[in-house]
file run-v9.cif (mmCIF, C-alpha atoms)
data_entry
#
loop_
_atom_site.label_atom_id
_atom_site.label_comp_id
_atom_site.auth_asym_id
_atom_site.auth_seq_id
_atom_site.Cartn_x
_atom_site.Cartn_y
_atom_site.Cartn_z
CA MET A 1 10.28 -14.52 -4.03
CA ALA A 2 6.72 -15.40 -5.08
CA LEU A 3 4.24 -17.78 -3.51
CA PRO A 4 2.52 -20.23 -5.87
CA VAL A 5 -1.21 -20.02 -6.40
CA GLN A 6 -1.70 -23.39 -4.74
CA TRP A 7 0.35 -26.12 -3.07
CA VAL A 8 -0.18 -29.05 -5.36
CA GLY A 9 1.34 -32.50 -5.08
CA MET A 10 2.75 -31.75 -1.62
CA ASP A 11 4.21 -34.77 0.17
CA LEU A 12 3.45 -35.55 3.82
CA ASP A 13 6.96 -34.68 4.97
CA LEU A 14 6.68 -31.21 3.46
CA ARG A 15 3.23 -30.72 4.99
CA GLU A 16 4.70 -31.51 8.40
CA ARG A 17 7.50 -29.00 7.86
CA LEU A 18 4.95 -26.35 6.96
CA ARG A 19 3.03 -27.06 10.17
CA ARG A 20 6.25 -26.72 12.17
CA LEU A 21 6.87 -23.36 10.53
CA GLY A 22 3.37 -22.24 11.51
CA VAL A 23 2.07 -22.07 7.95
CA ARG A 24 -1.54 -23.01 7.26
CA LYS A 25 -3.14 -23.87 3.95
CA HIS A 26 -5.71 -21.59 2.35
CA ALA A 27 -9.26 -22.07 3.57
CA ALA A 28 -10.49 -22.62 0.02
CA PRO A 29 -10.38 -26.25 -1.17
CA LEU A 30 -7.33 -27.15 -3.19
CA LYS A 31 -7.70 -27.99 -6.84
CA PRO A 32 -6.41 -31.34 -8.11
CA ALA A 33 -2.72 -31.52 -8.90
CA LEU A 34 -1.87 -30.50 -12.45
CA GLN A 35 0.68 -32.07 -14.72
CA SER A 36 3.84 -29.98 -14.83
CA ASN A 37 4.79 -28.55 -18.20
CA ARG A 38 7.63 -30.05 -20.18
CA ASP A 39 9.04 -26.55 -20.54
CA VAL A 40 9.70 -25.47 -16.95
CA ALA A 41 13.26 -25.04 -15.70
CA PRO A 42 15.32 -28.20 -15.06
CA LEU A 43 15.50 -29.41 -11.47
CA ARG A 44 19.14 -30.40 -11.11
CA ALA A 45 21.63 -27.55 -10.66
CA GLN A 46 25.41 -27.93 -10.49
CA LEU A 47 27.47 -25.40 -8.54
CA GLU A 48 30.63 -23.95 -10.03
CA LEU A 49 33.36 -22.12 -8.15
CA MET A 50 33.77 -18.44 -9.03
CA SER A 51 36.76 -16.49 -7.78
CA THR A 52 36.09 -13.00 -6.41
CA PRO A 53 38.28 -10.43 -4.62
CA CYS A 54 36.45 -11.44 -1.44
CA GLY A 55 36.96 -15.18 -1.79
CA PRO A 56 35.21 -18.04 -3.59
CA ALA A 57 31.55 -17.82 -4.53
CA TYR A 58 29.35 -20.58 -5.86
CA VAL A 59 27.07 -20.25 -8.85
CA SER A 60 24.85 -22.48 -10.96
CA ARG A 61 24.50 -21.41 -14.60
CA SER A 62 21.71 -22.50 -16.97
CA ALA A 63 21.16 -21.33 -20.55
CA TYR A 64 17.95 -21.55 -22.57
CA PRO A 65 17.55 -21.03 -26.32
CA LEU A 66 15.31 -18.11 -27.16
CA ALA A 67 12.78 -20.53 -28.65
CA HIS A 68 12.42 -22.28 -25.27
CA ARG A 69 8.76 -22.27 -24.24
CA HIS A 70 7.83 -21.43 -20.68
CA GLY A 71 4.12 -21.99 -20.41
CA ASP A 72 2.27 -20.65 -23.43
CA ARG A 73 5.07 -18.42 -24.73
CA ALA A 74 8.61 -18.69 -26.01
CA LEU A 75 11.22 -16.59 -24.25
CA ASP A 76 11.86 -14.51 -27.36
CA ALA A 77 8.20 -13.38 -27.52
CA VAL A 78 9.08 -10.44 -25.30
CA LEU A 79 11.82 -9.29 -27.68
CA ARG A 80 9.29 -8.71 -30.45
CA HIS A 81 7.82 -5.71 -28.66
CA SER A 82 9.30 -2.25 -29.11
CA PRO A 83 11.53 -0.74 -26.40
CA GLU A 84 9.12 2.20 -26.20
CA LEU A 85 6.11 -0.03 -25.50
CA LEU A 86 8.02 -1.99 -22.86
CA ALA A 87 8.87 1.24 -21.04
CA ARG A 88 5.18 2.15 -20.95
CA LEU A 89 4.55 -0.98 -18.88
CA ILE A 90 6.59 0.34 -15.94
CA VAL A 91 4.61 1.86 -13.08
CA GLY A 92 6.24 5.17 -12.15
CA ARG A 93 8.54 4.99 -15.16
CA THR A 94 11.38 7.44 -15.59
CA ILE A 95 12.67 6.13 -18.93
CA THR A 96 11.23 6.18 -22.43
CA GLU A 97 12.50 2.82 -23.66
CA ILE A 98 13.84 -0.50 -22.38
CA ASP A 99 16.54 -2.57 -24.05
CA LEU A 100 15.76 -6.00 -22.62
CA ARG A 101 19.10 -7.30 -23.84
CA ARG A 102 20.71 -4.98 -21.30
CA ALA A 103 18.26 -5.72 -18.48
CA ILE A 104 18.82 -7.94 -15.45
CA PHE A 105 16.05 -10.10 -13.96
CA LEU A 106 16.38 -10.56 -10.20
CA ASP A 107 14.79 -12.95 -7.71
CA THR A 108 15.99 -13.95 -4.26
CA GLU A 109 15.33 -16.74 -1.77
CA THR A 110 15.92 -15.73 1.81
CA THR A 111 16.27 -16.92 5.39
CA GLY A 112 13.08 -15.08 6.38
CA LEU A 113 9.92 -13.65 4.89
CA ASN A 114 10.71 -10.07 5.92
CA SER A 115 13.59 -7.79 4.97
CA GLY A 116 14.89 -7.17 8.49
CA VAL A 117 18.59 -6.89 9.34
CA GLY A 118 18.81 -10.56 10.32
CA THR A 119 17.51 -11.83 6.98
CA LEU A 120 20.00 -13.10 4.39
CA ALA A 121 19.52 -13.78 0.72
CA PHE A 122 21.02 -17.26 0.50
CA LEU A 123 20.12 -17.61 -3.18
CA VAL A 124 20.28 -14.74 -5.66
CA GLY A 125 18.99 -15.56 -9.12
CA LEU A 126 19.97 -13.28 -12.02
CA GLY A 127 18.61 -13.72 -15.53
CA TYR A 128 19.70 -11.93 -18.69
CA PHE A 129 19.70 -12.22 -22.46
CA GLU A 130 23.06 -13.14 -23.93
CA GLY A 131 23.23 -13.51 -27.70
CA GLU A 132 20.72 -16.15 -28.76
CA ARG A 133 20.22 -17.47 -25.23
CA PHE A 134 18.60 -16.51 -21.97
CA VAL A 135 20.97 -17.21 -19.08
CA ILE A 136 20.10 -17.75 -15.43
CA GLU A 137 22.87 -17.58 -12.85
CA GLN A 138 22.02 -18.60 -9.30
CA PHE A 139 24.46 -17.49 -6.62
CA PHE A 140 24.19 -19.80 -3.62
CA LEU A 141 25.39 -19.52 -0.03
CA ARG A 142 26.69 -22.88 1.13
CA ASP A 143 27.48 -21.12 4.41
CA PRO A 144 26.56 -17.61 5.61
CA ILE A 145 30.26 -16.77 6.03
CA GLU A 146 30.49 -16.79 2.21
CA GLU A 147 28.03 -13.89 1.92
CA ILE A 148 30.56 -11.17 1.07
CA ALA A 149 32.03 -13.28 -1.74
CA MET A 150 28.56 -14.00 -3.08
CA LEU A 151 27.64 -10.30 -2.99
CA SER A 152 30.85 -9.51 -4.84
CA ALA A 153 29.95 -12.02 -7.56
CA VAL A 154 26.41 -10.64 -7.82
CA SER A 155 27.77 -7.10 -8.10
CA ARG A 156 30.16 -8.09 -10.86
CA ARG A 157 27.34 -9.58 -12.92
CA ALA A 158 24.73 -6.87 -12.30
CA HIS A 159 26.68 -3.61 -12.19
CA ASP A 160 26.56 -2.77 -15.92
CA ARG A 161 22.98 -3.92 -16.59
CA GLN A 162 19.69 -2.09 -16.25
CA PRO A 163 16.84 -1.83 -15.69
CA ILE A 164 16.41 -4.23 -12.81
CA ILE A 165 13.33 -6.38 -13.41
CA THR A 166 11.68 -8.05 -10.42
CA PHE A 167 8.37 -9.30 -9.10
CA ASN A 168 7.70 -7.46 -5.83
CA GLY A 169 11.37 -6.53 -5.77
CA ARG A 170 10.73 -2.88 -4.99
CA ALA A 171 9.30 -3.85 -1.61
CA PHE A 172 11.44 -6.91 -0.84
CA ASP A 173 14.34 -8.19 -2.95
CA VAL A 174 16.16 -4.95 -3.76
CA PRO A 175 15.88 -3.32 -0.29
CA LEU A 176 17.07 -6.57 1.28
CA LEU A 177 20.10 -6.86 -0.99
CA GLU A 178 20.97 -3.18 -0.63
CA SER A 179 20.95 -3.56 3.16
CA ARG A 180 23.28 -6.56 2.88
CA PHE A 181 25.66 -4.56 0.66
CA VAL A 182 25.64 -1.72 3.21
CA LEU A 183 26.34 -4.09 6.12
CA SER A 184 29.17 -5.63 4.10
CA ARG A 185 30.57 -2.14 3.34
CA MET A 186 30.16 -2.65 -0.38
CA ALA A 187 28.60 -0.45 -3.05
CA SER A 188 25.27 -1.80 -4.24
CA PRO A 189 25.05 -2.52 -7.98
CA PHE A 190 21.33 -1.74 -7.79
CA ALA A 191 21.61 1.82 -6.48
CA ASP A 192 20.27 4.56 -8.79
CA LYS A 193 19.13 2.07 -11.42
CA HIS A 194 15.74 2.05 -13.10
CA HIS A 195 13.50 -0.62 -11.60
CA PHE A 196 10.70 -2.47 -13.38
CA ASP A 197 8.59 -4.16 -10.68
CA LEU A 198 6.22 -6.48 -12.51
CA LEU A 199 3.89 -6.88 -9.53
CA LEU A 200 2.92 -3.21 -9.76
CA SER A 201 2.31 -3.49 -13.49
CA ALA A 202 0.31 -6.71 -13.10
CA ARG A 203 -1.91 -5.10 -10.47
CA ARG A 204 -2.52 -2.14 -12.74
CA ALA A 205 -3.42 -4.42 -15.65
CA TRP A 206 -5.45 -7.19 -13.98
CA ARG A 207 -6.49 -6.19 -10.48
CA GLY A 208 -10.01 -5.60 -11.74
CA SER A 209 -10.37 -9.06 -13.28
CA LEU A 210 -8.23 -11.46 -11.20
CA GLY A 211 -8.74 -12.26 -7.56
CA SER A 212 -4.98 -12.24 -6.98
CA CYS A 213 -2.04 -10.78 -8.87
CA GLY A 214 0.52 -13.01 -7.18
CA LEU A 215 2.96 -14.68 -9.54
CA GLY A 216 1.40 -18.10 -8.97
CA SER A 217 -2.04 -16.77 -9.86
CA LEU A 218 -0.71 -15.08 -13.01
CA GLU A 219 1.06 -18.28 -14.04
CA PHE A 220 -2.11 -20.28 -13.54
CA HIS A 221 -4.58 -17.91 -15.22
CA LEU A 222 -2.51 -16.12 -17.87
CA LEU A 223 0.88 -17.69 -18.57
CA GLY A 224 -0.02 -21.37 -18.89
CA VAL A 225 2.72 -22.43 -16.47
CA ARG A 226 2.13 -25.56 -14.38
CA ARG A 227 5.08 -26.30 -12.12
CA GLY A 228 3.69 -29.46 -10.57
CA GLN A 229 5.18 -31.53 -7.77
CA ARG A 230 8.79 -30.43 -8.12
CA ASP A 231 8.05 -26.88 -7.04
CA ILE A 232 8.07 -25.85 -3.41
CA PRO A 233 5.98 -23.25 -1.54
CA GLY A 234 7.90 -20.04 -0.92
CA ALA A 235 6.74 -19.95 2.71
CA VAL A 236 8.67 -23.10 3.62
CA ILE A 237 11.95 -22.15 1.94
CA PRO A 238 13.52 -20.45 5.03
CA LEU A 239 12.92 -23.61 7.08
CA LEU A 240 14.46 -25.82 4.41
CA TYR A 241 17.59 -23.67 4.30
CA ARG A 242 17.94 -23.85 8.09
CA GLU A 243 17.67 -27.63 7.89
CA TYR A 244 20.25 -27.69 5.09
CA LEU A 245 22.71 -25.70 7.24
CA ALA A 246 22.01 -27.89 10.27
CA ALA A 247 22.90 -30.94 8.17
CA GLY A 248 26.32 -29.45 7.36
CA GLY A 249 25.70 -27.45 4.18
CA GLY A 250 27.98 -28.24 1.25
CA GLU A 251 26.54 -29.27 -2.11
CA PRO A 252 22.85 -28.42 -2.44
CA ASN A 253 20.72 -31.30 -1.19
CA GLU A 254 17.42 -32.33 -2.75
CA ASP A 255 15.51 -29.61 -0.90
CA MET A 256 17.92 -26.91 -2.08
CA GLN A 257 17.67 -28.25 -5.62
CA ARG A 258 13.91 -27.75 -5.42
CA VAL A 259 14.44 -24.22 -4.10
CA MET A 260 16.74 -23.46 -7.05
CA TYR A 261 14.12 -24.90 -9.40
CA HIS A 262 11.51 -22.61 -7.81
CA ASN A 263 13.80 -19.60 -8.18
CA ALA A 264 14.63 -20.30 -11.83
CA ASN A 265 10.97 -20.65 -12.71
CA ASP A 266 10.18 -17.35 -11.01
CA ILE A 267 12.71 -15.69 -13.31
CA LEU A 268 11.45 -17.41 -16.46
CA SER A 269 7.90 -16.42 -15.57
CA MET A 270 8.98 -12.78 -15.30
CA VAL A 271 10.19 -12.92 -18.90
CA THR A 272 6.94 -14.30 -20.28
CA LEU A 273 4.87 -12.07 -17.99
CA ILE A 274 6.31 -8.98 -19.71
CA ALA A 275 5.26 -10.43 -23.07
CA CYS A 276 1.80 -11.14 -21.64
CA LEU A 277 1.49 -7.57 -20.37
CA ALA A 278 2.57 -6.14 -23.72
CA ASP A 279 0.15 -8.41 -25.60
CA ALA A 280 -2.70 -7.39 -23.30
CA LEU A 281 -2.13 -3.72 -24.14
CA THR A 282 -1.54 -4.07 -27.87
CA GLN A 283 -3.76 -7.03 -28.79
CA PRO A 284 -6.77 -7.17 -26.44
CA GLN A 285 -8.81 -10.26 -27.31
CA ASP A 286 -12.13 -9.52 -25.63
CA VAL A 287 -14.12 -6.83 -23.88
CA ALA A 288 -12.51 -7.48 -20.50
CA GLU A 289 -9.02 -7.05 -21.99
CA HIS A 290 -10.07 -3.75 -23.60
CA PHE A 291 -11.20 -2.54 -20.18
CA ASN A 292 -7.96 -3.75 -18.57
CA ALA A 293 -5.85 -1.97 -21.19
CA ALA A 294 -7.86 1.22 -20.81
CA ARG A 295 -7.50 1.20 -17.03
CA PHE A 296 -3.74 0.61 -17.39
CA TYR A 297 -3.37 3.60 -19.69
CA GLU A 298 -5.60 5.76 -17.49
CA CYS A 299 -3.54 4.99 -14.37
CA ALA A 300 -0.37 5.76 -16.34
CA GLY A 301 -1.75 9.15 -17.35
CA ASP A 302 -1.94 8.25 -21.04
CA TYR A 303 -5.50 9.51 -21.40
CA ASP A 304 -5.65 9.46 -25.20
CA ALA A 305 -4.75 5.75 -25.27
CA ALA A 306 -7.19 5.10 -22.42
CA GLU A 307 -9.95 6.86 -24.34
CA ARG A 308 -9.32 4.72 -27.44
CA SER A 309 -9.40 1.52 -25.40
CA TYR A 310 -12.54 2.45 -23.48
CA LEU A 311 -14.32 3.37 -26.72
CA ALA A 312 -13.23 0.06 -28.25
CA ALA A 313 -14.64 -1.77 -25.23
CA VAL A 314 -17.97 0.04 -25.49
CA GLY A 315 -18.09 -0.68 -29.22
CA ALA A 316 -17.54 -4.37 -28.54
CA LEU A 317 -20.32 -4.36 -25.94
CA GLN A 318 -22.72 -2.67 -28.32
CA ALA A 319 -21.81 -5.18 -31.04
CA GLY A 320 -22.99 -7.97 -28.74
CA ARG A 321 -19.58 -9.52 -28.10
CA TRP A 322 -20.43 -9.68 -24.41
CA ARG A 323 -24.00 -10.88 -24.25
CA ASP A 324 -24.81 -11.75 -20.67
CA LEU A 325 -24.86 -8.39 -18.88
CA ARG A 326 -26.58 -10.00 -15.91
CA ALA A 327 -23.36 -11.90 -15.23
CA LEU A 328 -21.94 -8.66 -13.84
CA ILE A 329 -20.37 -9.37 -10.48
CA PRO A 330 -20.01 -7.04 -7.48
CA SER A 331 -16.39 -7.96 -6.84
CA ALA A 332 -13.39 -8.70 -9.00
CA GLN A 333 -12.84 -12.25 -7.77
CA SER A 334 -15.15 -14.46 -9.79
CA SER A 335 -14.12 -14.16 -13.40
CA ASN A 336 -11.58 -12.74 -15.76
CA SER A 337 -13.83 -13.05 -18.81
CA ALA A 338 -16.38 -10.36 -17.87
CA PRO A 339 -15.47 -6.91 -16.56
CA PRO A 340 -16.76 -6.41 -13.02
CA ARG A 341 -18.97 -3.50 -12.05
CA GLN A 342 -16.09 -1.34 -10.86
CA SER A 343 -14.47 -1.52 -14.31
CA LEU A 344 -17.68 -0.41 -16.01
CA ARG A 345 -18.18 2.41 -13.53
CA ARG A 346 -14.64 3.62 -14.04
CA ALA A 347 -15.05 3.53 -17.81
CA ALA A 348 -18.36 5.41 -17.69
CA ARG A 349 -16.93 8.13 -15.46
CA PHE A 350 -13.87 8.50 -17.69
CA LEU A 351 -15.87 8.72 -20.91
CA LYS A 352 -18.23 11.25 -19.37
CA ARG A 353 -15.28 13.46 -18.40
CA ARG A 354 -13.75 13.10 -21.87
CA GLY A 355 -16.89 14.28 -23.64
CA HIS A 356 -18.45 10.98 -24.71
CA PRO A 357 -21.85 11.12 -22.96
CA GLU A 358 -23.58 8.61 -25.25
CA GLU A 359 -20.90 5.95 -24.76
CA ALA A 360 -20.93 6.62 -21.01
CA LEU A 361 -24.72 6.26 -21.02
CA ALA A 362 -24.45 2.87 -22.74
CA LEU A 363 -22.40 1.63 -19.78
CA TRP A 364 -24.60 3.27 -17.15
CA GLN A 365 -27.70 1.68 -18.69
CA ARG A 366 -26.17 -1.78 -18.60
CA LEU A 367 -25.11 -1.30 -15.01
CA ALA A 368 -28.58 0.00 -14.18
CA GLU A 369 -30.07 -3.24 -15.52
CA ALA A 370 -28.04 -5.02 -12.84
CA GLY A 371 -29.38 -2.69 -10.12
CA ASP A 372 -26.24 -0.57 -9.69
CA VAL A 373 -27.19 2.50 -7.60
CA GLU A 374 -24.64 4.91 -9.08
CA ALA A 375 -25.70 3.90 -12.59
CA LEU A 376 -29.39 4.37 -11.80
CA ILE A 377 -28.65 7.89 -10.56
CA GLU A 378 -26.56 8.71 -13.64
CA VAL A 379 -29.30 7.50 -15.99
CA ALA A 380 -31.81 9.58 -14.03
CA LYS A 381 -29.56 12.62 -14.54
CA HIS A 382 -29.36 11.88 -18.26
CA TYR A 383 -33.13 11.77 -18.70
CA GLU A 384 -33.63 14.90 -16.62
CA TRP A 385 -30.95 17.17 -18.04
CA ARG A 386 -30.21 15.88 -21.53
CA MET A 387 -33.57 14.44 -22.57
CA GLY A 388 -36.00 16.49 -20.47
CA ASP A 389 -37.93 13.30 -19.72
CA LEU A 390 -38.88 13.84 -16.07
CA ASP A 391 -41.08 10.74 -15.82
CA ARG A 392 -38.26 8.42 -16.83
CA ALA A 393 -35.84 10.34 -14.63
CA LEU A 394 -38.20 9.72 -11.69
CA THR A 395 -38.47 6.04 -12.56
CA TYR A 396 -34.68 5.59 -12.37
CA ALA A 397 -34.34 7.75 -9.25
CA ARG A 398 -36.97 5.67 -7.44
CA ARG A 399 -35.23 2.46 -8.48
CA ALA A 400 -31.98 3.90 -7.09
CA LEU A 401 -33.71 4.68 -3.79
CA GLY A 402 -34.98 1.11 -3.55
CA ALA A 403 -31.59 -0.41 -4.37
CA ASN A 404 -29.55 1.83 -2.06
CA SER A 405 -28.49 0.82 1.46
CA GLN A 406 -26.33 3.82 2.46
CA PRO A 407 -28.13 6.31 4.77
CA ALA A 408 -26.32 9.43 3.51
CA LEU A 409 -26.91 8.54 -0.13
CA HIS A 410 -30.49 7.57 0.69
CA ARG A 411 -31.19 11.13 1.82
CA ALA A 412 -29.58 12.60 -1.31
CA ILE A 413 -31.66 10.36 -3.58
CA ALA A 414 -34.82 11.24 -1.66
CA ARG A 415 -34.09 14.94 -2.17
CA ARG A 416 -33.56 14.30 -5.89
CA ILE A 417 -36.91 12.51 -6.12
CA ALA A 418 -38.70 15.32 -4.27
CA ARG A 419 -37.16 17.92 -6.59
CA LEU A 420 -38.09 15.90 -9.68
CA GLU A 421 -41.67 15.52 -8.43
CA ARG A 422 -41.97 19.28 -7.90
CA LYS A 423 -40.44 19.93 -11.31
CA ALA A 424 -42.83 17.46 -12.96
CA LEU A 425 -45.85 19.09 -11.31
CA GLN A 426 -44.71 22.54 -12.42
CA SER A 427 -44.24 21.36 -16.00
CA LYS A 428 -47.81 20.04 -16.08
CA ALA A 429 -49.36 23.13 -14.49
#

call {"tool": "encode", "arguments": {"input": "run-v9.cif", "output": "structure tokens"}}
result
Amino acid sequence: MALPVQWVGMDLDLRERLRRLGVRKHAAPLKPALQSNRDVAPLRAQLELMSTPCGPAYVSRSAYPLAHRHGDRALDAVLRHSPELLARLIVGRTITEIDLRRAIFLDTETTGLNSGVGTLAFLVGLGYFEGERFVIEQFFLRDPIEEIAMLSAVSRRAHDRQPIITFNGRAFDVPLLESRFVLSRMASPFADKHHFDLLLSARRAWRGSLGSCGLGSLEFHLLGVRRGQRDIPGAVIPLLYREYLAAGGGEPNEDMQRVMYHNANDILSMVTLIACLADALTQPQDVAEHFNAARFYECAGDYDAAERSYLAAVGALQAGRWRDLRALIPSAQSSNSAPPRQSLRRAARFLKRRGHPEEALALWQRLAEAGDVEALIEVAKHYEWRMGDLDRALTYARRALGANSQPALHRAIARRIARLERKALQSKA
């Protein structure tokens, strides 16, 4: 259940409902409403009756050809990547390959925004590849008394598929559903299955270059998905379901249709997000993407791949493919086209440890030009110990002292300067 990057095209009635729920808009000004793509999921869903051992359940089924475009990518783009590469995308992976044609994509809409005992999943969306189509089945609770039948239907569909693929499902969707299965005295189809939580992978890949790794932000910045006015903010969905029940339930009303639209698009975005992740690792297009790929590999413990990517990034910098070094930013929130300082620091430290002092120095020098204290100290060390140039070492150490604002580090830099001054005097004696 993901929140969109912004609430665009919101009508006055919906704004009032949000206020009643206690939800407030972001402090930052909203951007103008964007035109929704022609390729997002259809709005109108029709429920079909499904018989289960626990009674009737209700499901809406939609099928998309593999060539269907969701944002900038077709659904089959993800199938072009090797099972081994896809497994490398999983944070905390325990498998060596993923067969996406056996996987199950999961997203829920719930009666609350926490996974407490009183929270129900009133809509469970499951997506999977079937032949030359991608199918989304949405299991809907017309009334909470139908929960056991719905869980039975979900279990039947999901029990023989893995891994589970979610967005923030490790923290929310799966624990919530497993608790509902336990309370219903049913075996969970998700127990002991491999889990691919895309939020964790997205954070590993882009946390250094995007201000937010929420699904709405990723859609906006990376996937080319524009949902437009038909979508609905995730925060208001529990209220809309309560209003639907208060009105008598039954066939999904217009609000519930919008919730189902939101849920289907979350699932489609998961599919194209995997392709985007794989592309970012295998086909980095600029310096920032090289840094992102390197950091991903480093966090995954694949140090050889990280080394190759960091060296490629440094090579691109030295070739002038990123010209404006003074555009370096102190945080990761302003741009995804230039690596922020923390990415360069991380790369320099890694390359130094891996025995590439010259490449590390290239990064430290560029950071030093922007007044980075750690970089100034590292360049001072280089001139002292590797070059024997005490005058230049002193120059950088003094610049570090002037740029620093931390008392403890200030004392350490002052001691370094005093030692360098004594060493310089001795060398001239």

call {"tool": "resolve_selection", "arguments": {"input": "run-v9.cif", "expression": "the PyMOL selection byres ((chain A and resi 359-364) around 8)", "output": "ChimeraX atom specification"}}
result
/A:311,314,344-345,347-349,351-352,356-358,365-368,375-376,378-379,382

call {"tool": "closest_residue", "arguments": {"input": "run-v9.cif", "among": "A:Arg227, A:Arg422, A:Arg161, A:Arg204", "to": "Tyr261 (chain A)", "atoms": "all atoms listed in the file"}}
result
A:Arg227

call {"tool": "closest_atom_pairs", "arguments": {"input": "run-v9.cif", "of": "region 234-349 of chain A", "to": "region 51-59 of chain A", "cutoff": "12 Å", "atoms": "all atoms listed in the file", "output": "Markdown table"}}
result
| residue | atom | partner | partner_atom | distance |
| --- | --- | --- | --- | --- |
| A:Gly250 | CA | A:Tyr58 | CA | 10.5 |
| A:Glu251 | CA | A:Tyr58 | CA | 9.9 |
| A:Pro252 | CA | A:Tyr58 | CA | 10.7 |
| A:Met260 | CA | A:Val59 | CA | 11.0 |

call {"tool": "resolve_selection", "arguments": {"input": "run-v9.cif", "expression": "the PyMOL selection byres ((chain A and resi 172) around 10)", "output": "NGL selection string"}}
result
:A and (1 or 107-108 or 113-116 or 166-171 or 173-177)

call {"tool": "closest_residue", "arguments": {"input": "run-v9.cif", "among": "A:Ala149, A:Leu120, A:Leu89, A:Ala313", "to": "Leu281 (chain A)", "atoms": "all atoms listed in the file"}}
result
A:Leu89

call {"tool": "closest_residue", "arguments": {"input": "run-v9.cif", "among": "A:Glu421, A:Glu243, A:Asp286, A:Glu369", "to": "Leu390 (chain A)", "atoms": "all atoms listed in the file"}}
result
A:Glu421

call {"tool": "resolve_selection", "arguments": {"input": "run-v9.cif", "expression": "the PyMOL selection byres ((chain A and resi 101) around 8)", "output": "PyMOL selection string"}}
result
chain A and resi 99-100+102-103+128-130

call {"tool": "atom_distance", "arguments": {"input": "run-v9.cif", "atom1": "CA of Ser269 (chain A)", "atom2": "CA of Gly125 (chain A)"}}
result
12.9 Å

call {"tool": "residues_around", "arguments": {"input": "run-v9.cif", "residues": "Leu66 (chain A)", "least_positions_apart": "4", "cutoff": "6 Å", "atoms": "all atoms listed in the file", "output": "number ranges by chain"}}
result
A: 75-76, 132-133

call {"tool": "closest_residue", "arguments": {"input": "run-v9.cif", "among": "A:Cys276, A:Arg308, A:Ala408, A:Leu151", "to": "Arg73 (chain A)", "atoms": "all atoms listed in the file"}}
result
A:Cys276

call {"tool": "atom_distance", "arguments": {"input": "run-v9.cif", "atom1": "CA of Arg93 (chain A)", "atom2": "CA of Leu126 (chain A)"}}
result
21.8 Å

call {"tool": "atom_distance", "arguments": {"input": "run-v9.cif", "atom1": "CA of Leu409 (chain A)", "atom2": "CA of Tyr396 (chain A)"}}
result
14.8 Å

call {"tool": "closest_residue", "arguments": {"input": "run-v9.cif", "among": "A:Arg69, A:Arg61, A:Arg419, A:Arg88", "to": "Glu137 (chain A)", "atoms": "all atoms listed in the file"}}
result
A:Arg61

call {"tool": "residues_near_point", "arguments": {"input": "run-v9.cif", "point": "(8.7, -16.1, -16.7)", "cutoff": "9 Å", "atoms": "all atoms listed in the file", "output": "MDAnalysis selection string"}}
result
chainID A and resid 70:71 75 219 223 225 264:274

call {"tool": "write_last_selection", "arguments": {"input": "run-v9.cif", "atoms": "C-alpha atoms", "output": "PDB file, in the frame of the given file"}}
result
ATOM      1  CA  HIS A  70       7.830 -21.430 -20.680  1.00  0.00           C
ATOM      2  CA  GLY A  71       4.120 -21.990 -20.410  1.00  0.00           C
ATOM      3  CA  LEU A  75      11.220 -16.590 -24.250  1.00  0.00           C
ATOM      4  CA  GLU A 219       1.060 -18.280 -14.040  1.00  0.00           C
ATOM      5  CA  LEU A 223       0.880 -17.690 -18.570  1.00  0.00           C
ATOM      6  CA  VAL A 225       2.720 -22.430 -16.470  1.00  0.00           C
ATOM      7  CA  ALA A 264      14.630 -20.300 -11.830  1.00  0.00           C
ATOM      8  CA  ASN A 265      10.970 -20.650 -12.710  1.00  0.00           C
ATOM      9  CA  ASP A 266      10.180 -17.350 -11.010  1.00  0.00           C
ATOM     10  CA  ILE A 267      12.710 -15.690 -13.310  1.00  0.00           C
ATOM     11  CA  LEU A 268      11.450 -17.410 -16.460  1.00  0.00           C
ATOM     12  CA  SER A 269       7.900 -16.420 -15.570  1.00  0.00           C
ATOM     13  CA  MET A 270       8.980 -12.780 -15.300  1.00  0.00           C
ATOM     14  CA  VAL A 271      10.190 -12.920 -18.900  1.00  0.00           C
ATOM     15  CA  THR A 272       6.940 -14.300 -20.280  1.00  0.00           C
ATOM     16  CA  LEU A 273       4.870 -12.070 -17.990  1.00  0.00           C
ATOM     17  CA  ILE A 274       6.310  -8.980 -19.710  1.00  0.00           C
TER      18      ILE A 274
END

call {"tool": "residues_near_point", "arguments": {"input": "run-v9.cif", "point": "(20.6, -20.6, 4.1)", "cutoff": "8 Å", "atoms": "all atoms listed in the file", "output": "ChimeraX atom specification"}}
result
/A:110-111,120-123,141-144,238,241-242,244-245
